[in-house]
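K.L.:
The file below is final26.csv, CSV, C-alpha atoms and all ligand atoms:
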```csv
chain,number,residue,atom,x,y,z
A,246,MET,CA,-24.0,0.9,-6.1
A,247,THR,CA,-22.1,-0.9,-8.9
A,248,HIS,CA,-18.4,-1.0,-8.3
A,249,ARG,CA,-15.9,-1.1,-11.1
A,250,LEU,CA,-14.2,-4.1,-9.5
A,251,GLU,CA,-15.6,-6.4,-6.9
A,252,LEU,CA,-14.1,-9.6,-5.3
A,253,ASN,CA,-16.2,-11.9,-3.2
A,254,HIS,CA,-14.5,-14.5,-1.1
A,255,ALA,CA,-12.0,-15.2,-4.0
A,256,SER,CA,-9.7,-18.1,-3.3
A,257,ILE,CA,-6.9,-19.4,-5.6
A,258,SER,CA,-5.0,-22.7,-5.2
A,259,PHE,CA,-2.0,-24.2,-6.9
A,260,GLY,CA,-2.5,-28.0,-6.5
A,261,SER,CA,-3.5,-28.5,-2.9
A,262,THR,CA,-2.0,-25.2,-1.7
A,263,GLU,CA,-4.3,-22.3,-1.2
A,264,VAL,CA,-2.3,-19.2,-1.9
A,265,VAL,CA,-5.2,-16.6,-1.9
A,266,LYS,CA,-7.8,-17.2,0.8
A,267,GLN,CA,-11.3,-15.7,0.8
A,268,VAL,CA,-10.4,-12.3,-0.4
A,269,SER,CA,-13.2,-9.7,-0.7
A,270,PHE,CA,-13.0,-6.0,-1.6
A,271,GLN,CA,-14.7,-3.4,-3.8
A,272,LEU,CA,-13.2,-0.6,-5.8
A,273,PRO,CA,-15.4,2.2,-7.0
A,274,GLU,CA,-15.0,3.7,-10.5
A,275,GLY,CA,-12.0,6.1,-10.8
A,276,ASP,CA,-10.4,4.9,-7.6
A,277,ILE,CA,-6.9,3.5,-7.2
A,278,GLY,CA,-6.5,0.5,-5.0
A,279,SER,CA,-3.3,-1.2,-3.9
A,280,LEU,CA,-2.4,-4.7,-2.8
A,281,LEU,CA,0.4,-4.4,-0.3
A,282,GLY,CA,2.2,-7.2,1.5
A,283,PRO,CA,5.5,-9.1,2.0
A,284,SER,CA,7.0,-11.3,-0.7
A,285,GLY,CA,5.0,-14.4,-1.4
A,286,CYS,CA,1.7,-13.2,0.3
A,287,GLY,CA,-0.3,-13.8,-3.0
A,288,LYS,CA,-0.5,-10.2,-4.4
A,289,THR,CA,0.6,-11.1,-8.0
A,290,THR,CA,-1.5,-14.2,-8.0
A,291,LEU,CA,-4.6,-12.2,-7.1
A,292,LEU,CA,-3.8,-9.6,-9.7
A,293,ARG,CA,-3.4,-12.3,-12.3
A,294,ALA,CA,-6.8,-13.7,-11.3
A,295,ILE,CA,-8.3,-10.2,-11.8
A,296,ALA,CA,-6.7,-10.1,-15.3
A,297,GLY,CA,-8.1,-13.6,-16.1
A,298,PHE,CA,-4.8,-15.6,-16.0
A,299,GLU,CA,-5.7,-17.6,-12.9
A,300,SER,CA,-9.0,-19.4,-12.2
A,301,LEU,CA,-10.8,-19.3,-8.8
A,302,ALA,CA,-11.1,-22.3,-6.5
A,303,GLU,CA,-13.9,-20.4,-4.6
A,304,GLY,CA,-15.7,-17.1,-4.8
A,305,SER,CA,-16.1,-14.6,-7.7
A,306,ILE,CA,-14.7,-11.5,-9.4
A,307,SER,CA,-16.9,-8.9,-11.1
A,308,LEU,CA,-16.0,-6.0,-13.4
A,309,HIS,CA,-18.6,-3.3,-13.7
A,310,GLY,CA,-21.3,-5.5,-12.1
A,311,LYS,CA,-20.7,-8.5,-14.5
A,312,SER,CA,-19.1,-11.7,-13.2
A,313,VAL,CA,-15.9,-12.5,-15.0
A,314,SER,CA,-14.5,-15.3,-12.7
A,315,SER,CA,-16.2,-17.9,-10.5
A,316,THR,CA,-15.7,-21.6,-9.8
A,317,HIS,CA,-17.4,-22.4,-13.1
A,318,GLN,CA,-16.5,-19.4,-15.2
A,319,LEU,CA,-13.3,-17.8,-16.5
A,320,VAL,CA,-13.7,-14.9,-19.1
A,321,ALA,CA,-10.5,-14.8,-21.2
A,322,PRO,CA,-8.1,-11.9,-20.4
A,323,GLU,CA,-8.6,-10.3,-23.8
A,324,LYS,CA,-12.4,-10.1,-23.3
A,325,ARG,CA,-12.0,-8.3,-19.9
A,326,ARG,CA,-10.7,-5.0,-21.1
A,327,VAL,CA,-8.0,-4.9,-18.4
A,328,GLY,CA,-4.7,-3.1,-19.0
A,329,MET,CA,-1.4,-4.3,-17.5
A,330,VAL,CA,1.8,-2.6,-16.6
A,331,PHE,CA,4.7,-4.8,-15.6
A,332,GLN,CA,7.8,-4.5,-13.6
A,333,ASP,CA,10.1,-4.6,-16.7
A,334,PHE,CA,7.8,-2.3,-18.7
A,335,ALA,CA,7.8,-4.8,-21.6
A,336,LEU,CA,8.1,-2.2,-24.3
A,337,PHE,CA,8.6,-3.3,-28.0
A,338,PRO,CA,12.3,-2.4,-28.7
A,339,HIS,CA,11.8,-2.0,-32.5
A,340,LEU,CA,8.9,0.4,-32.2
A,341,ASN,CA,9.2,4.1,-31.3
A,342,VAL,CA,7.4,5.7,-28.4
A,343,ALA,CA,4.3,6.7,-30.5
A,344,ASN,CA,4.0,3.2,-32.0
A,345,ASN,CA,4.4,1.5,-28.7
A,346,VAL,CA,1.4,3.6,-27.4
A,347,ALA,CA,-0.4,2.9,-30.7
A,348,PHE,CA,-0.1,-0.8,-30.1
A,349,GLY,CA,-2.8,-0.8,-27.5
A,350,LEU,CA,-5.1,0.9,-30.0
A,351,SER,CA,-4.8,-1.5,-32.9
A,352,ARG,CA,-8.5,-1.6,-33.6
A,353,ALA,CA,-9.3,2.1,-33.3
A,354,PRO,CA,-9.9,4.1,-36.6
A,355,GLY,CA,-6.9,6.2,-37.9
A,356,GLN,CA,-7.9,9.7,-36.8
A,357,LYS,CA,-9.2,8.7,-33.4
A,358,LYS,CA,-6.0,6.7,-32.8
A,359,LYS,CA,-3.8,9.6,-33.7
A,360,GLN,CA,-5.7,11.9,-31.4
A,361,ARG,CA,-5.5,9.5,-28.4
A,362,ILE,CA,-1.8,8.9,-28.9
A,363,THR,CA,-1.2,12.7,-28.9
A,364,GLU,CA,-3.4,13.1,-25.9
A,365,LEU,CA,-1.6,10.4,-23.9
A,366,LEU,CA,1.9,11.5,-24.8
A,367,LYS,CA,1.0,15.0,-23.7
A,368,LEU,CA,-0.5,13.6,-20.5
A,369,VAL,CA,2.7,11.6,-19.7
A,370,GLY,CA,4.9,14.5,-20.8
A,371,LEU,CA,6.6,12.7,-23.7
A,372,GLU,CA,5.4,14.4,-26.8
A,373,HIS,CA,8.9,15.5,-27.7
A,374,LEU,CA,10.1,11.9,-27.5
A,375,ALA,CA,7.4,10.4,-29.8
A,376,HIS,CA,10.0,9.2,-32.4
A,377,GLN,CA,12.6,7.9,-30.0
A,378,HIS,CA,13.1,4.2,-29.4
A,379,PRO,CA,12.9,2.6,-25.9
A,380,HIS,CA,16.7,2.2,-25.5
A,381,GLN,CA,17.1,6.0,-26.0
A,382,LEU,CA,14.9,6.7,-22.9
A,383,SER,CA,15.6,6.8,-19.2
A,384,GLY,CA,13.9,4.2,-16.9
A,385,GLY,CA,11.3,6.7,-15.7
A,386,GLN,CA,10.5,7.7,-19.3
A,387,GLN,CA,10.1,4.1,-20.3
A,388,GLN,CA,7.8,3.6,-17.4
A,389,ARG,CA,5.6,6.4,-18.6
A,390,VAL,CA,5.5,5.0,-22.2
A,391,ALA,CA,4.4,1.6,-20.7
A,392,LEU,CA,1.7,3.4,-18.7
A,393,ALA,CA,0.5,5.4,-21.7
A,394,ARG,CA,0.3,2.2,-23.8
A,395,ALA,CA,-1.8,0.4,-21.1
A,396,MET,CA,-4.0,3.5,-20.6
A,397,ALA,CA,-4.6,4.0,-24.4
A,398,PRO,CA,-7.6,1.7,-24.9
A,399,ARG,CA,-9.3,3.1,-21.7
A,400,PRO,CA,-9.3,-0.2,-19.8
A,401,GLU,CA,-12.0,-1.1,-17.3
A,402,VAL,CA,-9.2,-1.6,-14.8
A,403,LEU,CA,-5.5,-0.9,-15.1
A,404,LEU,CA,-3.4,-3.5,-13.3
A,405,LEU,CA,0.1,-2.4,-12.2
A,406,ASP,CA,2.5,-5.1,-11.0
A,407,GLU,CA,5.4,-3.6,-9.0
A,408,PRO,CA,5.7,-1.0,-11.9
A,409,PHE,CA,8.4,1.0,-10.1
A,410,SER,CA,10.7,-1.7,-8.7
A,411,ALA,CA,13.2,-1.5,-11.6
A,412,LEU,CA,13.7,2.3,-10.9
A,413,ASP,CA,15.9,3.8,-8.2
A,414,PRO,CA,14.2,4.6,-4.9
A,415,GLU,CA,14.2,8.4,-5.2
A,416,LEU,CA,12.5,8.2,-8.6
A,417,ARG,CA,10.0,5.7,-7.3
A,418,GLY,CA,8.2,7.9,-4.9
A,419,GLN,CA,8.1,10.8,-7.3
A,420,LEU,CA,6.8,8.6,-10.2
A,421,ALA,CA,4.1,7.0,-7.9
A,422,THR,CA,2.7,10.5,-7.2
A,423,GLU,CA,3.0,11.4,-10.9
A,424,VAL,CA,1.2,8.3,-12.0
A,425,ARG,CA,-1.6,8.9,-9.6
A,426,THR,CA,-2.2,12.3,-11.1
A,427,LEU,CA,-2.2,10.9,-14.6
A,428,LEU,CA,-4.6,8.1,-13.8
A,429,LYS,CA,-6.9,10.6,-11.9
A,430,GLN,CA,-6.8,13.0,-14.9
A,431,ASP,CA,-7.9,10.3,-17.2
A,432,GLY,CA,-10.4,8.8,-14.7
A,433,ILE,CA,-8.9,5.4,-14.8
A,434,THR,CA,-9.6,2.8,-12.2
A,435,ALA,CA,-6.4,0.9,-11.2
A,436,ILE,CA,-4.9,-1.6,-8.9
A,437,LEU,CA,-1.2,-1.4,-7.9
A,438,VAL,CA,0.7,-4.4,-6.5
A,439,THR,CA,3.6,-3.5,-4.3
A,440,HIS,CA,5.6,-4.5,-1.2
A,441,ASP,CA,6.6,-0.8,-0.7
A,442,GLN,CA,4.2,1.1,1.6
A,443,THR,CA,5.4,4.5,0.6
A,444,GLU,CA,4.5,3.7,-3.0
A,445,ALA,CA,1.0,2.5,-1.9
A,446,PHE,CA,0.5,5.6,0.2
A,447,ALA,CA,1.6,7.9,-2.7
A,448,MET,CA,-0.8,6.3,-5.2
A,449,ALA,CA,-3.8,4.6,-3.7
A,450,ASP,CA,-7.1,5.7,-2.3
A,451,ARG,CA,-7.6,2.2,-0.7
A,452,ILE,CA,-5.0,-0.2,0.4
A,453,GLY,CA,-5.3,-3.9,1.0
A,454,VAL,CA,-2.7,-5.4,3.3
A,455,MET,CA,-2.2,-9.1,2.6
A,456,HIS,CA,-0.4,-11.7,4.7
A,457,GLN,CA,-0.1,-15.4,3.8
A,458,GLY,CA,-2.9,-15.2,1.2
A,459,GLU,CA,-5.4,-13.4,3.5
A,460,LEU,CA,-6.5,-9.8,3.1
A,461,HIS,CA,-6.2,-8.4,6.7
A,462,GLN,CA,-7.6,-5.0,6.0
A,463,TRP,CA,-8.9,-3.0,3.0
A,464,ASP,CA,-8.9,0.6,4.0
A,465,SER,CA,-7.5,4.2,3.7
A,466,SER,CA,-3.8,4.7,4.6
A,467,TYR,CA,-4.9,6.8,7.6
A,468,ASN,CA,-7.0,3.9,9.0
A,469,LEU,CA,-4.2,1.4,8.3
A,470,TYR,CA,-1.8,3.5,10.4
A,471,HIS,CA,-4.2,4.7,13.2
A,472,HIS,CA,-6.7,1.8,13.3
A,473,PRO,CA,-5.0,-1.4,12.1
A,474,ALA,CA,-7.3,-4.4,12.1
A,475,THR,CA,-4.7,-6.9,13.2
A,476,THR,CA,-1.3,-6.9,14.9
A,477,PHE,CA,0.2,-7.9,11.5
A,478,VAL,CA,-1.1,-4.6,9.9
A,479,ALA,CA,0.0,-2.6,13.0
A,480,ASP,CA,3.5,-4.1,12.6
A,481,PHE,CA,3.7,-3.9,8.8
A,482,ILE,CA,2.5,-0.3,8.4
A,483,GLY,CA,4.8,2.4,9.8
A,484,ARG,CA,6.8,1.9,12.9
A,485,GLY,CA,5.2,0.7,16.1
A,486,THR,CA,5.6,-1.4,19.2
A,487,LEU,CA,3.1,-3.7,20.8
A,488,LEU,CA,3.2,-3.5,24.6
A,489,ASP,CA,1.8,-6.1,26.9
A,490,ILE,CA,-0.9,-4.4,29.1
A,491,THR,CA,-3.5,-5.4,31.7
A,492,VAL,CA,-7.0,-3.8,31.9
A,493,ALA,CA,-7.2,-2.0,35.3
A,494,ASP,CA,-10.9,-0.9,35.2
A,495,ASN,CA,-13.6,0.5,32.8
A,496,ASN,CA,-11.4,3.2,31.5
A,497,SER,CA,-7.8,2.5,32.3
A,498,ILE,CA,-5.0,0.1,31.6
A,499,ASP,CA,-1.7,-0.7,33.3
A,500,THR,CA,1.3,-0.5,30.9
A,501,PRO,CA,5.1,-0.6,31.2
A,502,LEU,CA,4.7,3.2,30.9
A,503,GLY,CA,2.4,3.5,33.8
A,504,ARG,CA,-1.4,3.7,34.1
A,505,LEU,CA,-3.2,5.1,31.0
A,506,SER,CA,-6.8,6.3,30.7
A,507,GLY,CA,-8.9,6.2,27.6
A,508,LYS,CA,-12.0,4.7,26.1
A,509,LEU,CA,-12.0,0.9,26.3
A,510,PRO,CA,-14.3,-1.3,24.3
A,511,SER,CA,-17.3,-2.6,26.2
A,512,GLY,CA,-16.8,-6.1,27.8
A,513,THR,CA,-13.1,-5.5,28.6
A,514,GLU,CA,-12.9,-6.8,32.2
A,515,ALA,CA,-10.3,-5.9,34.8
A,516,GLY,CA,-7.4,-8.3,34.7
A,517,LEU,CA,-7.7,-9.0,30.9
A,518,LYS,CA,-4.3,-9.1,29.2
A,519,LEU,CA,-4.1,-7.3,25.9
A,520,LYS,CA,-1.6,-5.6,23.6
A,521,LEU,CA,-1.4,-1.8,23.1
A,522,LEU,CA,0.0,-0.2,19.9
A,523,LEU,CA,2.4,2.6,20.5
A,524,ARG,CA,3.5,4.7,17.5
A,525,PRO,CA,6.6,6.9,17.5
A,526,ASP,CA,4.4,9.9,17.4
A,527,ASP,CA,2.5,8.9,20.5
A,528,LEU,CA,5.5,10.0,22.6
A,529,HIS,CA,7.4,13.3,23.0
A,530,LEU,CA,10.7,14.0,24.6
A,531,THR,CA,10.3,16.7,27.3
A,532,THR,CA,12.6,19.0,29.2
A,533,LYS,CA,10.2,18.9,32.2
A,534,GLN,CA,11.2,16.9,35.2
A,535,GLU,CA,8.0,15.0,35.3
A,536,GLY,CA,7.4,12.2,32.9
A,537,ILE,CA,8.6,8.7,32.1
A,538,ASP,CA,12.4,8.1,32.4
A,539,ALA,CA,14.1,6.1,29.6
A,540,THR,CA,17.5,5.6,28.0
A,541,ILE,CA,18.3,6.1,24.3
A,542,THR,CA,19.6,2.9,22.9
A,543,GLU,CA,19.7,3.8,19.1
A,544,ARG,CA,19.0,6.8,16.9
A,545,LEU,CA,18.3,7.1,13.2
A,546,PHE,CA,18.6,10.5,11.4
A,547,GLN,CA,15.6,10.9,9.1
A,548,GLY,CA,16.1,14.5,7.9
A,549,ALA,CA,13.5,16.5,9.7
A,550,ASP,CA,13.5,14.3,12.7
A,551,TYR,CA,15.4,11.6,14.5
A,552,LEU,CA,13.8,8.2,15.3
A,553,TYR,CA,15.0,7.2,18.7
A,554,THR,CA,14.8,3.7,20.2
A,555,LEU,CA,14.2,4.0,23.9
A,556,GLN,CA,14.4,1.6,26.7
A,557,LEU,CA,12.6,1.7,30.1
A,558,ASP,CA,14.3,0.4,33.2
A,559,THR,CA,11.9,-2.6,32.9
A,560,GLY,CA,13.7,-3.5,29.6
A,561,ASP,CA,10.7,-2.6,27.4
A,562,GLN,CA,11.7,-0.9,24.2
A,563,PHE,CA,9.8,1.5,21.8
A,564,HIS,CA,10.4,4.3,19.3
A,565,CYS,CA,9.9,8.0,19.6
A,566,LEU,CA,10.2,10.8,17.0
A,567,ALA,CA,11.8,14.1,17.8
A,568,PRO,CA,12.8,17.1,15.6
A,569,SER,CA,16.4,16.7,14.4
A,570,HIS,CA,17.5,20.1,15.8
A,571,GLN,CA,17.0,18.7,19.3
A,572,GLN,CA,19.9,16.2,19.3
A,573,HIS,CA,20.3,13.5,21.9
A,574,ASN,CA,23.0,10.9,22.2
A,575,VAL,CA,22.9,7.1,22.5
A,576,GLY,CA,23.1,6.3,26.2
A,577,GLU,CA,21.5,9.6,27.3
A,578,ARG,CA,18.7,9.5,29.9
A,579,VAL,CA,15.6,11.4,28.7
A,580,THR,CA,12.1,12.2,30.0
A,581,LEU,CA,9.1,11.3,27.9
A,582,LYS,CA,5.5,12.6,27.8
A,583,LEU,CA,2.7,10.5,26.3
A,584,ASP,CA,0.3,11.9,23.8
A,585,ILE,CA,-2.0,9.0,22.9
A,586,GLN,CA,-5.2,10.0,21.0
A,587,ASP,CA,-6.8,6.5,21.2
A,588,LEU,CA,-5.9,3.3,22.9
A,589,VAL,CA,-5.4,0.9,20.0
A,590,LEU,CA,-5.8,-2.6,21.6
A,591,PHE,CA,-5.5,-6.1,20.3
A,592,SER,CA,-6.5,-9.5,21.7
A,593,ASP,CA,-4.1,-12.4,22.1
A,594,GLU,CA,-5.2,-13.7,18.7
A,595,GLY,CA,-3.9,-10.4,17.2
A,596,LEU,CA,-7.3,-8.9,16.3
A,597,ALA,CA,-8.2,-5.2,17.1
A,598,LEU,CA,-10.8,-4.8,19.8
B,1,LIG,P1,6.3,-11.1,-4.6
B,1,LIG,O1,6.2,-9.8,-4.0
B,1,LIG,O2,7.6,-11.9,-4.2
B,1,LIG,O3,6.1,-11.1,-6.1
B,1,LIG,P2,3.6,-12.0,-4.2
B,1,LIG,O4,2.9,-11.5,-3.0
B,1,LIG,O5,3.2,-11.4,-5.5
B,1,LIG,O6,5.2,-12.1,-4.0
B,1,LIG,P3,2.8,-14.5,-5.5
B,1,LIG,O7,3.7,-14.4,-6.6
B,1,LIG,O8,1.3,-14.2,-5.7
B,1,LIG,O9,3.3,-13.6,-4.2
B,1,LIG,O10,2.9,-15.9,-4.9
B,1,LIG,C1,2.1,-16.4,-3.8
B,1,LIG,C2,2.5,-17.9,-3.5
B,1,LIG,O11,2.0,-18.7,-4.5
B,1,LIG,C3,4.0,-18.1,-3.3
B,1,LIG,O12,4.2,-19.0,-2.3
B,1,LIG,C4,4.4,-18.7,-4.7
B,1,LIG,O13,5.5,-19.6,-4.5
B,1,LIG,C5,3.1,-19.5,-5.1
B,1,LIG,N1,2.9,-19.5,-6.5
B,1,LIG,C6,2.8,-18.5,-7.4
B,1,LIG,N2,2.6,-18.9,-8.6
B,1,LIG,C7,2.6,-20.3,-8.6
B,1,LIG,C8,2.5,-21.3,-9.6
B,1,LIG,N3,2.2,-21.0,-10.8
B,1,LIG,N4,2.5,-22.6,-9.1
B,1,LIG,C9,2.7,-22.9,-7.8
B,1,LIG,N5,2.8,-21.9,-6.9
B,1,LIG,C10,2.8,-20.7,-7.2
```
Kindly return the structure encoded in the file as C-alpha cells.
P.N.:
Amino acid sequence: MTHRLELNHASISFGSTEVVKQVSFQLPEGDIGSLLGPSGCGKTTLLRAIAGFESLAEGSISLHGKSVSSTHQLVAPEKRRVGMVFQDFALFPHLNVANNVAFGLSRAPGQKKKQRITELLKLVGLEHLAHQHPHQLSGGQQQRVALARAMAPRPEVLLLDEPFSALDPELRGQLATEVRTLLKQDGITAILVTHDQTEAFAMADRIGVMHQGELHQWDSSYNLYHHPATTFVADFIGRGTLLDITVADNNSIDTPLGRLSGKLPSGTEAGLKLKLLLRPDDLHLTTKQEGIDATITERLFQGADYLYTLQLDTGDQFHCLAPSHQQHNVGERVTLKLDIQDLVLFSDEGLAL
C-alpha cells in the first residue's frame, strides 16, 4: 500500500547535534497525524523537514510513494505541494478574506478559482465575511481563513504547526474538533504539531509521541493511553503513576496495593522487579469495608469528577477519579477497590513488556 506520507529512519542534525533521531512512521491518505511532545523535542524541526526546509542527515521522506528527501536529495518546498498553517496565522493584512484564500490558488483559471474560494469559505463558515480584512476578524475566524488558504490548492499534505496556540484554551479544543471535520470533509491528509494532548486527541487519527528527538510511539490515542510503549509515554499521556512491583509467580505480582493477578508476558520470572502503570480510572472509592485503605492528600475538582491524590500507609501515592457528587475531604480515610483490565508493565529501561 502506498502511503501519502512516509518517513524511514529520518534523522536531522544541526552541526554535531542530532535533534531528530531515526524517526519512522506512515500516514495513509486522508488521515490526520499529530506530532506531540514537550518543548524542544524536535517536532517543528521534523515538520520543517517534511515541508522541505530542513535536509536529512540519515533516512528518507516520501510523499505519495515518491522520495522527496534523503541524504543526497532535497526536493524544494514549492515542488512538494505541501500546505502550511502557522501559529500566528500569517494572513496578508492588506487582502480581504476571499483574496487571502485566493492567494493559494494563484495559478488556477478564473472560474475554477472563484468556485474553490466559495466552496472553502462555505466549508469554514466564513462566506459572510469574504470582504472583511483580517484585523476585523476574531482569532478563531482568522485561524479558519489561514486554514482555508492552505487547503485551497489541495495540498498533498497539510502541515499545521501549533495552529491554535495563539487562541484562548476554551476555543482551542472546539476549533481542533472543527478543523478535523473540515479536513475530513475535504479528504485532506494532515500533520499537526502540538504540545497539547487534548488538541492531538481532538484532531488526530494517529499520534506520535516524541521525546528528545526520538519517536517513542506512533499509535491511536486509545493505545497511547492504555498500552504506552515506554514509561515516558505513560507519564506524558493522561495521569498515571508507576509503582514498583515484584513478580510473584506466572500470573501474579506483588504491589504496594497487595497481590494482583493478571496475564504476564512469558519469560517474567518470580523475583523480577518491574514497574506497573496505574491510571486514575483503575481504582474506585468504595463504601464497603473490604478494600485498600488510603488517605486523601489532595483533590482537584474537574466538573463531572474529582481527581483525588491518595496515599497508602507505605507512603506510595497515586490518583483516583470519583464522581463529583460523592465528595471527600483532604485528610479523610477512604477504602479503594481495584479494577485493572490489563497489567501494563515496564522494564527498568522504561520499555513496555
Ligand atoms: P517547541 O514546542 O518549543 O516549538 P519543538 O519540539 O518544536 O519545540 P524544535 O523547534 O524542533 O522543538 O527544536 C528541537 C531542538 O533543535 C531544540 O533543542 C532547538 O534548540 C534545536 N534547533 C531548532 N532549530 C535549530 C537551528 N536552526 N539551529 C540549531 N538548533 C536548532
K.L.:
Give me, as a ChimeraX atom specification, all polymer residues having an atom no more than 7 Å from Gln332 (chain A), counting all atoms listed in the file and skipping those fewer than 2 positions away in the same chain.
P.N.:
/A:330,334,406-411
K.L.:
Output as a Markdown table one row per residue of chain A within 12 Å of ligand LIG 1 (chain B): the closest atom pair and its distance in Å to one decimal place, counting only C-alpha atoms and all ligand atoms, sorted by chain and residue number ascending.
P.N.:
```
| residue | atom | partner | partner_atom | distance |
| --- | --- | --- | --- | --- |
| A:Ser256 | CA | B:LIG1 | O11 | 11.8 |
| A:Ile257 | CA | B:LIG1 | O11 | 9.0 |
| A:Ser258 | CA | B:LIG1 | N5 | 8.0 |
| A:Phe259 | CA | B:LIG1 | C9 | 5.0 |
| A:Gly260 | CA | B:LIG1 | C9 | 7.4 |
| A:Ser261 | CA | B:LIG1 | C9 | 9.7 |
| A:Thr262 | CA | B:LIG1 | N5 | 7.8 |
| A:Glu263 | CA | B:LIG1 | O11 | 8.0 |
| A:Val264 | CA | B:LIG1 | O11 | 5.0 |
| A:Val265 | CA | B:LIG1 | C1 | 7.5 |
| A:Lys266 | CA | B:LIG1 | C1 | 10.9 |
| A:Leu280 | CA | B:LIG1 | O4 | 8.6 |
| A:Leu281 | CA | B:LIG1 | O4 | 8.0 |
| A:Gly282 | CA | B:LIG1 | O4 | 6.3 |
| A:Pro283 | CA | B:LIG1 | O1 | 6.1 |
| A:Ser284 | CA | B:LIG1 | O2 | 3.6 |
| A:Gly285 | CA | B:LIG1 | O9 | 3.4 |
| A:Cys286 | CA | B:LIG1 | O4 | 3.9 |
| A:Gly287 | CA | B:LIG1 | O8 | 3.2 |
| A:Lys288 | CA | B:LIG1 | O4 | 3.9 |
| A:Thr289 | CA | B:LIG1 | O5 | 3.6 |
| A:Thr290 | CA | B:LIG1 | O8 | 3.6 |
| A:Leu291 | CA | B:LIG1 | O8 | 6.4 |
| A:Leu292 | CA | B:LIG1 | O8 | 7.9 |
| A:Arg293 | CA | B:LIG1 | O8 | 8.3 |
| A:Ala294 | CA | B:LIG1 | O8 | 9.9 |
| A:Phe298 | CA | B:LIG1 | N3 | 10.3 |
| A:Glu299 | CA | B:LIG1 | N3 | 8.9 |
| A:Ser300 | CA | B:LIG1 | N3 | 11.4 |
| A:Phe331 | CA | B:LIG1 | O3 | 11.5 |
| A:Gln332 | CA | B:LIG1 | O3 | 10.1 |
| A:Leu405 | CA | B:LIG1 | O5 | 11.6 |
| A:Asp406 | CA | B:LIG1 | O5 | 8.4 |
| A:Glu407 | CA | B:LIG1 | O1 | 8.0 |
| A:Pro408 | CA | B:LIG1 | O3 | 11.7 |
| A:Ser410 | CA | B:LIG1 | O1 | 10.4 |
| A:Leu437 | CA | B:LIG1 | O5 | 11.2 |
| A:Val438 | CA | B:LIG1 | O5 | 7.5 |
| A:Thr439 | CA | B:LIG1 | O1 | 6.8 |
| A:His440 | CA | B:LIG1 | O1 | 6.0 |
| A:Asp441 | CA | B:LIG1 | O1 | 9.6 |
| A:Gly453 | CA | B:LIG1 | O4 | 11.9 |
| A:Val454 | CA | B:LIG1 | O4 | 10.4 |
| A:Met455 | CA | B:LIG1 | O4 | 7.9 |
| A:His456 | CA | B:LIG1 | O4 | 8.4 |
| A:Gln457 | CA | B:LIG1 | C1 | 8.0 |
| A:Gly458 | CA | B:LIG1 | C1 | 7.2 |
| A:Glu459 | CA | B:LIG1 | O4 | 10.7 |
| A:Leu460 | CA | B:LIG1 | O4 | 11.3 |
```
K.L.:
Around (8.7, 8.1, -20.4), as given in the file, which residues come within 10 Å? Count all atoms listed in the file and list them as a list of chain:residue names.
P.N.:
A:Val342, A:Leu366, A:Val369, A:Gly370, A:Leu371, A:Glu372, A:Leu374, A:Ala375, A:Pro379, A:Leu382, A:Ser383, A:Gly384, A:Gly385, A:Gln386, A:Gln387, A:Gln388, A:Arg389, A:Val390, A:Ala391, A:Leu392, A:Ala393
K.L.:
Could you write out the selected residues, including C-alpha atoms, as a PDB file, keeping the file's coordinate frame?
P.N.:
```
ATOM      1  CA  VAL A 342       7.400   5.700 -28.400  1.00  0.00           C
ATOM      2  CA  LEU A 366       1.900  11.500 -24.800  1.00  0.00           C
ATOM      3  CA  VAL A 369       2.700  11.600 -19.700  1.00  0.00           C
ATOM      4  CA  GLY A 370       4.900  14.500 -20.800  1.00  0.00           C
ATOM      5  CA  LEU A 371       6.600  12.700 -23.700  1.00  0.00           C
ATOM      6  CA  GLU A 372       5.400  14.400 -26.800  1.00  0.00           C
ATOM      7  CA  LEU A 374      10.100  11.900 -27.500  1.00  0.00           C
ATOM      8  CA  ALA A 375       7.400  10.400 -29.800  1.00  0.00           C
ATOM      9  CA  PRO A 379      12.900   2.600 -25.900  1.00  0.00           C
ATOM     10  CA  LEU A 382      14.900   6.700 -22.900  1.00  0.00           C
ATOM     11  CA  SER A 383      15.600   6.800 -19.200  1.00  0.00           C
ATOM     12  CA  GLY A 384      13.900   4.200 -16.900  1.00  0.00           C
ATOM     13  CA  GLY A 385      11.300   6.700 -15.700  1.00  0.00           C
ATOM     14  CA  GLN A 386      10.500   7.700 -19.300  1.00  0.00           C
ATOM     15  CA  GLN A 387      10.100   4.100 -20.300  1.00  0.00           C
ATOM     16  CA  GLN A 388       7.800   3.600 -17.400  1.00  0.00           C
ATOM     17  CA  ARG A 389       5.600   6.400 -18.600  1.00  0.00           C
ATOM     18  CA  VAL A 390       5.500   5.000 -22.200  1.00  0.00           C
ATOM     19  CA  ALA A 391       4.400   1.600 -20.700  1.00  0.00           C
ATOM     20  CA  LEU A 392       1.700   3.400 -18.700  1.00  0.00           C
ATOM     21  CA  ALA A 393       0.500   5.400 -21.700  1.00  0.00           C
TER      22      ALA A 393
END
```
K.L.:
Would you please work out which residue, of A:Thr443, A:Gln430, A:Gln571, A:Gln462, is nearest to Gly418 (chain A) when using all atoms listed in the file?
P.N.:
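The shortest atom-to-atom distance to Gly418 (chain A) comes from A:Thr443.
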K.L.:
Ranking A:Leu488, A:Leu250, A:Val579, A:Leu350 by minimum distance to Leu403 (chain A) and counting all atoms listed in the file, which one comes first?
P.N.:
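Smallest separation from Leu403 (chain A) among the options: A:Leu250.
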K.L.:
I'd like the contact shell of region 520-523 of chain A - 6 Å cut-off, all atoms listed in the file, skipping same-chain residues fewer than 5 positions apart - returned as a list in words.
P.N.:
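That gives Gly485, Thr486, Leu487, Leu488, Asp489, Ile490, Val589, Leu590 and Phe591 of chain A.
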K.L.:
If we count only C-alpha atoms, what is near Leu583 (chain A) at a cut-off of 7 Å, once residues fewer than 5 positions away on the same chain are taken out, given as a list in words?
P.N.:
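Near Leu583 (chain A), the qualifying residues are Asp527, Leu528 and His529 of chain A.
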